[in-house]
Structure formats: structure tokens, C-alpha cells
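*Asks:* Following this message is one structure expressed as C-alpha cells.
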Amino acid sequence: MTEERASDFVLDLISQQVLEFGQFTLKSGRQSPYFFNLGAIDLGDGFRRLGSAYAARLRGLEYGFDVVFGPAYKGIPIAVSTAIAMAEAGQQVGVAYNRKEPKKHGEGGVLVGAPLAERRVVIVDDVLTAGTAVLESASLIREAGGDLVGILVALDRQEFVEDGSRTAVESVSERLAVPVESIAGLSDVVRCIQNDPGYRDTLRKLTSYQRAHCQVFE
């Protein structure tokens with residue numbers, strides 16, 4: 001991913017208030033100077049741009065895959081918009097996702113969409129914190145006979161897990177034995193705003209947070 005593309009993606013997320021700055025309490029209880037929520041995208045053109053960003057990153061990674069899998073719930077519109085963007089570029093891929101609860105009537109089951117057996121699958125999601133949704137999705141894919149070949153998230157928070165030796169992305173990648181990539185990382189966010197005087201106080205808080213909790217890329 002080029003710095004220019006990552007920067008364009010970050011600036012688009014800021015414009016849509018997907019990426020917000022302030023003081024936020026994370027699920028872990030940690031205080032963060034920024035918050036990332038792809039659920040803030042609620043217009044068709046926003047989803048179009050989001051799918052295009054995921055599709056472009058996947059093309060750059062050159063994964064061979066047949067199905068895009070979106071973990072419930074936020075991963076579902078990501079998978080759909082990504083597949084649409086890929087189709088517009090001439091590449092047809094299937095879309096699959098899971099239900100939170102198994103359906104006991106109709107077709108039943110927990111999986112919806114394209115069959116996974118003997119197919120190469122990429123998981124797309126918003127962000128990795130503990131990686132719970134991605135790990136559950138990986139288990140479902142493999143139980144269905146799919147071949148998980150990679151994972152792509154929008155933002156890598158680049159935060160270390162509890163033992164402090166690895167980031168969440170590195171931990172999930174090692175656990176599942178597949179590459180985990182992102183469209184942008186916290187370092188890209190810092191780079192995007194570092195020359196804007198309007199973000200001077202935000203930049204100070206972000207860099208302090210990086211030093212305390214994150215892997216820092218020069």
C-alpha cells in the first residue's frame with residue numbers, strides 16, 4: 001500500500017467521521033485519543049469508496065481467492081461492497097458471512113452466501129483489537145472446508161497485546177498462520193495530520209499514545 005493511498009483513505013475516513021479524535025473509553029477500559037467506527041458509514045457513496053479501497057488493497061496483495069467473508073455484523077457490508085468493487089474491475093468473487101445465532105428454520109445454519117468448501121477465502125473486517133470475531137470466522141471457514149488465505153482490515157491500531165511483545169495483528173496472524181494486512185495503520189493517521197496546525201493538540205496526544213501502547217513505525 002503506497003503512503004499516498006493510505007493517506008487518501010485516512011482523510012476519507014476523517015471526512016465521514018469514521019475516524020474521530022477526542023477522548024474515548026475503549027472496551028478494554030483504556031483511554032484513547034481516537035475512535036474508529038466503520039459503522040458511521042451510512043450512505044451509498046461511502047460504501048462505494050470503502051469497497052474500492054478494500055478491493056484496491058487486495059489487488060495489491062495479489063492474493064488468489066474465490067470468496068470474501070465478512071464477520072457479522074460490520075464485516076457484512078464490507079464484504080458486499082468489496083465484491084461489488086471487484087466485479088466492476090472485472091473480477092468475480094463470492095460473498096459469505098455468518099449469523100450471530102444459528103438459524104433453526106428455512107435453510108438453517110450459521111453461514112450465509114457463497115459455499116466455502118474447497119474455496120480460497122479472505123476475511124475482511126474493520127479493525128483488530130482482540131481479534132475475537134476474526135478468530136471465530138476463521139474457525140467457521142475451516143470447519144466448512146474453506147481455505148483461509150488472508151485477512152484484511154481497514155485500520156491497524158498497531159497496539160501491543162497484553163504481553164507487550166506482539167501487536168494484535170501479529171498475534172492473530174501467528175495464531176491462524178495466515179497474513180493479516182491493513183489498508184492503513186495508526187502511523188498513517190499520524191503522518192496525515194502532522195503538518196496540519198489544526199491538529200497540533202491531537203497529534204501530541206496521538207504520539208503520546210503511540211509511545212505508550214503501540215508499535216511505532218518511522
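Note on naming: chains are A, B, ... as they come in the C-alpha cells, residues start from 1 per chain, ligands start from 1 in the order shown.
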Write out as a list in words which residues come within 6 Å of segment 45-52 of chain A when counting only C-alpha atoms, dropping same-chain ones fewer than 5 positions away.
*Replies:*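 That gives Ser81, Thr82 and Ala85 of chain A.
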*Asks:* Save out the residues we just selected, N, CA and C atoms, as a PDB file, in the first residue's frame.
*Replies:*
```
ATOM      1  N   SER A  81     -19.565  -4.657  -0.373  1.00  0.00           N
ATOM      2  CA  SER A  81     -19.050  -3.525  -1.153  1.00  0.00           C
ATOM      3  C   SER A  81     -17.722  -3.867  -1.821  1.00  0.00           C
ATOM      4  N   THR A  82     -16.909  -4.695  -1.177  1.00  0.00           N
ATOM      5  CA  THR A  82     -15.640  -5.123  -1.775  1.00  0.00           C
ATOM      6  C   THR A  82     -15.883  -5.972  -3.012  1.00  0.00           C
ATOM      7  N   ALA A  85     -17.013  -3.832  -5.910  1.00  0.00           N
ATOM      8  CA  ALA A  85     -15.885  -3.092  -6.491  1.00  0.00           C
ATOM      9  C   ALA A  85     -15.012  -4.007  -7.339  1.00  0.00           C
TER      10      ALA A  85
END
```
*Asks:* Among the residues of chain A, find those DSSP assigns to strand (DSSP E) from the backbone and print them as an NGL selection string.
*Replies:* :A and (19-25 or 31-36 or 67-70 or 94-103 or 109-113 or 120-127 or 147-156 or 180-185)
*Asks:* Find the spatial neighbours of Leu11 of chain A, counting only C-alpha atoms, within a cut-off of 12 Å - ignore same-chain residues fewer than 6 positions away - and output them as an NGL selection string.
*Replies:* :A and (4-5 or 17-20 or 184 or 188-193)
*Asks:* Find the residues near Val67 of chain A: any atom within 12 Å, counting only C-alpha atoms, skip ones fewer than 5 places away on the same chain, and give them as a VMD selection string.
*Replies:* chain A and resid 79 to 80 82 to 83 86 91 to 97 113 to 124 141 146 to 151
*Asks:* Could you list, as a PDB file with N, CA and C atoms, in the first residue's frame, every residue within 10 Å of Lys74 of chain A, counting only C-alpha atoms and ignoring same-chain residues fewer than 2 positions away?
*Replies:*
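This went into result.pdb:
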```pdb
ATOM      1  N   ASN A  37     -14.790   3.803  13.833  1.00  0.00           N
ATOM      2  CA  ASN A  37     -16.079   3.126  13.760  1.00  0.00           C
ATOM      3  C   ASN A  37     -16.596   3.133  12.329  1.00  0.00           C
ATOM      4  N   LEU A  38     -16.387   2.023  11.603  1.00  0.00           N
ATOM      5  CA  LEU A  38     -16.878   1.941  10.228  1.00  0.00           C
ATOM      6  C   LEU A  38     -18.398   1.945  10.168  1.00  0.00           C
ATOM      7  N   GLY A  39     -19.046   1.684  11.309  1.00  0.00           N
ATOM      8  CA  GLY A  39     -20.497   1.742  11.355  1.00  0.00           C
ATOM      9  C   GLY A  39     -21.039   3.137  11.109  1.00  0.00           C
ATOM     10  N   GLY A  70     -17.290 -11.752   5.371  1.00  0.00           N
ATOM     11  CA  GLY A  70     -17.461 -10.648   6.310  1.00  0.00           C
ATOM     12  C   GLY A  70     -18.036 -11.122   7.631  1.00  0.00           C
ATOM     13  N   PRO A  71     -17.285 -11.002   8.729  1.00  0.00           N
ATOM     14  CA  PRO A  71     -17.812 -11.393  10.034  1.00  0.00           C
ATOM     15  C   PRO A  71     -18.993 -10.511  10.447  1.00  0.00           C
ATOM     16  N   ALA A  72     -20.033 -11.127  10.995  1.00  0.00           N
ATOM     17  CA  ALA A  72     -21.186 -10.355  11.482  1.00  0.00           C
ATOM     18  C   ALA A  72     -20.736  -9.441  12.635  1.00  0.00           C
ATOM     19  N   ILE A  76     -20.102  -7.535   7.197  1.00  0.00           N
ATOM     20  CA  ILE A  76     -21.002  -7.910   6.096  1.00  0.00           C
ATOM     21  C   ILE A  76     -21.050  -6.840   4.997  1.00  0.00           C
ATOM     22  N   PRO A  77     -21.331  -5.560   5.326  1.00  0.00           N
ATOM     23  CA  PRO A  77     -21.324  -4.556   4.251  1.00  0.00           C
ATOM     24  C   PRO A  77     -19.941  -4.359   3.642  1.00  0.00           C
ATOM     25  N   ILE A  78     -18.888  -4.623   4.418  1.00  0.00           N
ATOM     26  CA  ILE A  78     -17.534  -4.521   3.857  1.00  0.00           C
ATOM     27  C   ILE A  78     -17.349  -5.570   2.767  1.00  0.00           C
ATOM     28  N   ALA A  79     -17.756  -6.812   3.067  1.00  0.00           N
ATOM     29  CA  ALA A  79     -17.609  -7.893   2.094  1.00  0.00           C
ATOM     30  C   ALA A  79     -18.422  -7.615   0.832  1.00  0.00           C
ATOM     31  N   VAL A 124     -12.588 -10.025   5.510  1.00  0.00           N
ATOM     32  CA  VAL A 124     -12.471  -8.561   5.567  1.00  0.00           C
ATOM     33  C   VAL A 124     -13.225  -8.073   6.795  1.00  0.00           C
ATOM     34  N   ASP A 125     -12.591  -7.177   7.542  1.00  0.00           N
ATOM     35  CA  ASP A 125     -13.230  -6.643   8.746  1.00  0.00           C
ATOM     36  C   ASP A 125     -12.758  -5.218   8.957  1.00  0.00           C
ATOM     37  N   ASP A 126     -13.280  -4.573  10.025  1.00  0.00           N
ATOM     38  CA  ASP A 126     -12.962  -3.161  10.220  1.00  0.00           C
ATOM     39  C   ASP A 126     -11.617  -2.947  10.921  1.00  0.00           C
ATOM     40  N   VAL A 127     -11.467  -3.526  12.103  1.00  0.00           N
ATOM     41  CA  VAL A 127     -10.267  -3.293  12.899  1.00  0.00           C
ATOM     42  C   VAL A 127     -10.050  -4.493  13.809  1.00  0.00           C
TER      43      VAL A 127
END
```
*Asks:* Just the residues within 10 Å of Cys214 of chain A, please, counting only C-alpha atoms, with nothing from its chain fewer than 3 positions along; format it as a PDB file with N, CA and C atoms, in the first residue's frame.
*Replies:*
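Output file out.pdb is given in full below:
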```pdb
ATOM      1  N   ARG A 157      -4.512  -0.747  14.454  1.00  0.00           N
ATOM      2  CA  ARG A 157      -4.252   0.153  15.582  1.00  0.00           C
ATOM      3  C   ARG A 157      -2.793   0.054  16.041  1.00  0.00           C
ATOM      4  N   GLN A 158      -2.112  -1.010  15.636  1.00  0.00           N
ATOM      5  CA  GLN A 158      -0.685  -1.210  15.929  1.00  0.00           C
ATOM      6  C   GLN A 158      -0.405  -1.273  17.437  1.00  0.00           C
ATOM      7  N   GLU A 159      -1.438  -1.673  18.197  1.00  0.00           N
ATOM      8  CA  GLU A 159      -1.287  -1.764  19.651  1.00  0.00           C
ATOM      9  C   GLU A 159      -0.781  -3.141  20.052  1.00  0.00           C
ATOM     10  N   PHE A 160       0.054  -3.146  21.069  1.00  0.00           N
ATOM     11  CA  PHE A 160       0.562  -4.404  21.590  1.00  0.00           C
ATOM     12  C   PHE A 160      -0.514  -5.123  22.400  1.00  0.00           C
ATOM     13  N   VAL A 161      -0.502  -6.453  22.339  1.00  0.00           N
ATOM     14  CA  VAL A 161      -1.383  -7.246  23.189  1.00  0.00           C
ATOM     15  C   VAL A 161      -0.792  -7.282  24.589  1.00  0.00           C
ATOM     16  N   GLY A 164       2.888  -7.561  25.549  1.00  0.00           N
ATOM     17  CA  GLY A 164       3.745  -6.466  25.106  1.00  0.00           C
ATOM     18  C   GLY A 164       4.777  -6.825  24.060  1.00  0.00           C
ATOM     19  N   ARG A 166       3.984  -8.490  20.980  1.00  0.00           N
ATOM     20  CA  ARG A 166       3.401  -8.527  19.649  1.00  0.00           C
ATOM     21  C   ARG A 166       2.187  -7.618  19.585  1.00  0.00           C
ATOM     22  N   THR A 167       1.888  -7.157  18.377  1.00  0.00           N
ATOM     23  CA  THR A 167       0.651  -6.410  18.193  1.00  0.00           C
ATOM     24  C   THR A 167      -0.497  -7.395  18.009  1.00  0.00           C
ATOM     25  N   LEU A 186      -2.169   3.231  12.369  1.00  0.00           N
ATOM     26  CA  LEU A 186      -2.117   4.447  13.178  1.00  0.00           C
ATOM     27  C   LEU A 186      -0.969   5.345  12.732  1.00  0.00           C
ATOM     28  N   SER A 187       0.132   4.762  12.292  1.00  0.00           N
ATOM     29  CA  SER A 187       1.258   5.569  11.815  1.00  0.00           C
ATOM     30  C   SER A 187       0.857   6.412  10.602  1.00  0.00           C
ATOM     31  N   THR A 207       0.718  10.824  19.425  1.00  0.00           N
ATOM     32  CA  THR A 207       2.097  10.353  19.521  1.00  0.00           C
ATOM     33  C   THR A 207       2.411   9.867  20.931  1.00  0.00           C
ATOM     34  N   SER A 208       1.821  10.491  21.937  1.00  0.00           N
ATOM     35  CA  SER A 208       1.996  10.016  23.313  1.00  0.00           C
ATOM     36  C   SER A 208       1.378   8.638  23.484  1.00  0.00           C
ATOM     37  N   TYR A 209       0.207   8.441  22.900  1.00  0.00           N
ATOM     38  CA  TYR A 209      -0.478   7.144  22.951  1.00  0.00           C
ATOM     39  C   TYR A 209       0.346   6.082  22.226  1.00  0.00           C
ATOM     40  N   GLN A 210       0.889   6.443  21.075  1.00  0.00           N
ATOM     41  CA  GLN A 210       1.747   5.523  20.328  1.00  0.00           C
ATOM     42  C   GLN A 210       2.917   5.039  21.177  1.00  0.00           C
ATOM     43  N   ARG A 211       3.606   5.978  21.796  1.00  0.00           N
ATOM     44  CA  ARG A 211       4.795   5.616  22.586  1.00  0.00           C
ATOM     45  C   ARG A 211       4.434   4.693  23.741  1.00  0.00           C
ATOM     46  N   PHE A 217       6.261   3.024  13.781  1.00  0.00           N
ATOM     47  CA  PHE A 217       6.978   2.929  12.513  1.00  0.00           C
ATOM     48  C   PHE A 217       7.479   4.310  12.136  1.00  0.00           C
TER      49      PHE A 217
END
```
